[in-house]
Protein chains: 2
Amino acid sequence: MNGSFELKGKVVIFATGNIHKFNEARVVLAQHGIATGMLRAKAVEIQSDSLTEIASVSAQDAYKRCRLPLIVEDAGLFVDALKGFPGPYAAYVYQTVANKGLLKLMENVKDRKATFRSAIAYCDSENGETVCFTGQATGEITTQEQTQDKSAFGFDPVFQPEGKAKTFAEMTLEEKNRVSHRAQAIHKFAEWYIKQGHVKS
Amino acid sequence: MNGSFELKGKVVIFATGNIHKFNEARVVLAQHGIATGMLRAKAVEIQSDSLTEIASVSAQDAYKRCRLPLIVEDAGLFVDALKGFPGPYAAYVYQTVANKGLLKLMENVKDRKATFRSAIAYCDSENGETVCFTGQATGEITTQEQTQDKSAFGFDPVFQPEGKAKTFAEMTLEEKNRVSHRAQAIHKFAEWYIKQGHVKS
């Protein structure tokens, strides 16, 4: 990764209060020659089964507050055997019952398939329009927490992506970015953003 | 309860898609001489730890859509040992892991204290102001589902209010309304509403 002083073109503002999300996005965007700014805007989040809808409404709200072109991300973890729980409310579920609670719900459950999903919404005007990009990573819920780091992000210690021998929390940021839902959505956004002529090469 | 043909004064519009909530509110409001209309408006619901905030934003949104004075209710179940889970997301948690999931999380947990909370928001103008009323019922999470009725409402089969030998799901609507969080909030709203002169006696 090059230092930001070598980056050409505009900075993309990422409205988030989550440093894990910001760091993951920053590294992906830098691969496309885009610098990232973090804006700790408290944007409204709606309740919805649709991550795209949640991210869209947040992006519109954040844009209205700061009048800067920006992206917002919403992510969720959908466990098949739990009918999509914790879904878009992964953050609240993590703050309350956390990984231990999820593992308890999955005790003696054979079907461990789960999908992490991400939706990025870009907004640069007040007309309410957003452009959205999605990514997903399928995998399995492990039977115990596996992490390198006590401060690992959310459900990363119990999610092992398909075809990998490590959980998200055992991977380096670069390894996670090669397969993660968030990185996929950010890559799609970056490709579109560059095509729009926002970044000069 | 008197028939609605004997009711004096205005009808209160309750914006909800939930027939259980509507029926409980209708009976309480009738005790105050207020008739209730059900409006199946799909109002926005935000993500927040504050039921009052969720209900307020929904009431404002529902008012903008239909331009009728109305109430919206938001409720949640907060289990002490689970740090407030499922909280304001009780509906999604119920649709996914349901009572069985909550009981699994509470296996071998001694402290079974839980609180059902309700927030009612009333909105009658576009200035964004709402008037809010809250109620709560403390009790315990049972160790198994106890219900008279397979189609019982949400977490009612696993919540036993303090000082009672039955769960909410084993009570008649009238019994539940004597102690429930929702009935308390609705009573407070009704008393305020009448004082405002909305209902002529």
# chains A, B, ... in the order shown; residues from 1 in each chain; ligands from 1
$ select_by_dssp --residues "chain A" --states "strand (DSSP E or B)" --output "tab-separated table (two decimals) with C-alpha atoms, in the first residue's frame"
chain	number	residue	atom	x	y	z
A	11	VAL	CA	-10.86	11.73	-0.90
A	12	VAL	CA	-13.92	9.57	-0.27
A	13	ILE	CA	-15.65	10.36	3.01
A	14	PHE	CA	-16.76	7.26	4.91
A	15	ALA	CA	-19.38	8.16	7.52
A	35	ALA	CA	-7.88	8.20	-0.15
A	36	THR	CA	-10.48	7.80	2.60
A	37	GLY	CA	-11.60	10.23	5.25
A	38	MET	CA	-13.48	9.11	8.35
A	39	LEU	CA	-16.49	11.15	9.40
A	46	ILE	CA	-33.73	2.52	10.19
A	70	LEU	CA	-20.00	10.26	1.23
A	71	ILE	CA	-20.47	6.54	1.69
A	72	VAL	CA	-22.19	4.68	4.52
A	73	GLU	CA	-21.97	0.94	5.09
A	74	ASP	CA	-24.42	-1.41	6.72
A	75	ALA	CA	-23.54	-5.01	7.38
A	76	GLY	CA	-25.22	-8.04	8.88
A	77	LEU	CA	-24.66	-11.68	9.70
A	78	PHE	CA	-27.38	-14.09	8.59
A	79	VAL	CA	-27.28	-17.58	10.10
A	86	PRO	CA	-28.88	-11.77	14.02
A	87	GLY	CA	-29.27	-10.19	10.58
A	113	LYS	CA	-24.01	-22.10	7.26
A	114	ALA	CA	-23.98	-18.33	7.59
A	115	THR	CA	-23.54	-15.31	5.34
A	116	PHE	CA	-21.99	-11.96	6.10
A	117	ARG	CA	-23.51	-9.26	3.91
A	118	SER	CA	-22.46	-5.67	3.31
A	119	ALA	CA	-24.22	-2.78	1.58
A	120	ILE	CA	-22.45	0.47	0.70
A	121	ALA	CA	-24.55	3.51	-0.19
A	122	TYR	CA	-23.03	6.58	-1.87
A	123	CYS	CA	-24.83	9.91	-1.70
A	131	VAL	CA	-26.03	4.40	-5.48
A	132	CYS	CA	-25.64	1.07	-3.70
A	133	PHE	CA	-23.12	-1.76	-3.88
A	134	THR	CA	-23.27	-5.09	-2.10
A	135	GLY	CA	-20.94	-7.90	-1.17
A	136	GLN	CA	-21.30	-11.18	0.64
A	137	ALA	CA	-19.15	-13.88	2.19
A	138	THR	CA	-20.56	-17.33	2.86
A	139	GLY	CA	-19.08	-19.56	5.50
A	140	GLU	CA	-19.79	-21.37	8.74
A	141	ILE	CA	-20.26	-20.56	12.40
A	159	PHE	CA	-17.17	-16.89	11.31
A	160	GLN	CA	-15.01	-19.02	9.05
A	161	PRO	CA	-15.37	-18.18	5.36
$ closest_atom_pairs --of "chain B" --to "chain A" --cutoff "6 Å" --atoms "only C-alpha atoms" --output "CSV"
residue,atom,partner,partner_atom,distance
B:Glu45,CA,A:Gln47,CA,5.3
B:Ile46,CA,A:Ile46,CA,3.7
B:Gln47,CA,A:Ile46,CA,5.2
B:Leu82,CA,A:Val97,CA,5.6
B:Lys83,CA,A:Thr96,CA,5.0
B:Phe85,CA,A:Thr96,CA,5.6
B:Thr96,CA,A:Lys83,CA,5.0
B:Val97,CA,A:Leu82,CA,5.6
$ write_last_selection --atoms "C-alpha atoms" --output "PDB file, in the first residue's frame"
ATOM      1  CA  GLU B  45     -38.681   2.625  12.343  1.00  0.00           C
ATOM      2  CA  ILE B  46     -35.209   3.737  13.346  1.00  0.00           C
ATOM      3  CA  GLN B  47     -32.580   1.705  15.201  1.00  0.00           C
ATOM      4  CA  LEU B  82     -28.553 -10.759  28.615  1.00  0.00           C
ATOM      5  CA  LYS B  83     -27.579  -7.078  28.985  1.00  0.00           C
ATOM      6  CA  PHE B  85     -31.285  -8.400  24.763  1.00  0.00           C
ATOM      7  CA  THR B  96     -35.946 -15.600  13.875  1.00  0.00           C
ATOM      8  CA  VAL B  97     -34.919 -17.452  17.051  1.00  0.00           C
TER       9      VAL B  97
END
$ atom_distance --atom1 "CA of Thr142 in chain B" --atom2 "CA of Val158 in chain B"
5.0 Å
$ select_by_dssp --residues "range 110-178 of chain A" --states "helix (DSSP H, G or I)" --output "ChimeraX atom specification"
/A:156-158,168-170,173-178
$ residues_around --residues "Ala41 in chain B" --least-positions-apart "6" --cutoff "9 Å" --atoms "only C-alpha atoms" --output "ChimeraX atom specification"
/B:15-17,62,65-66
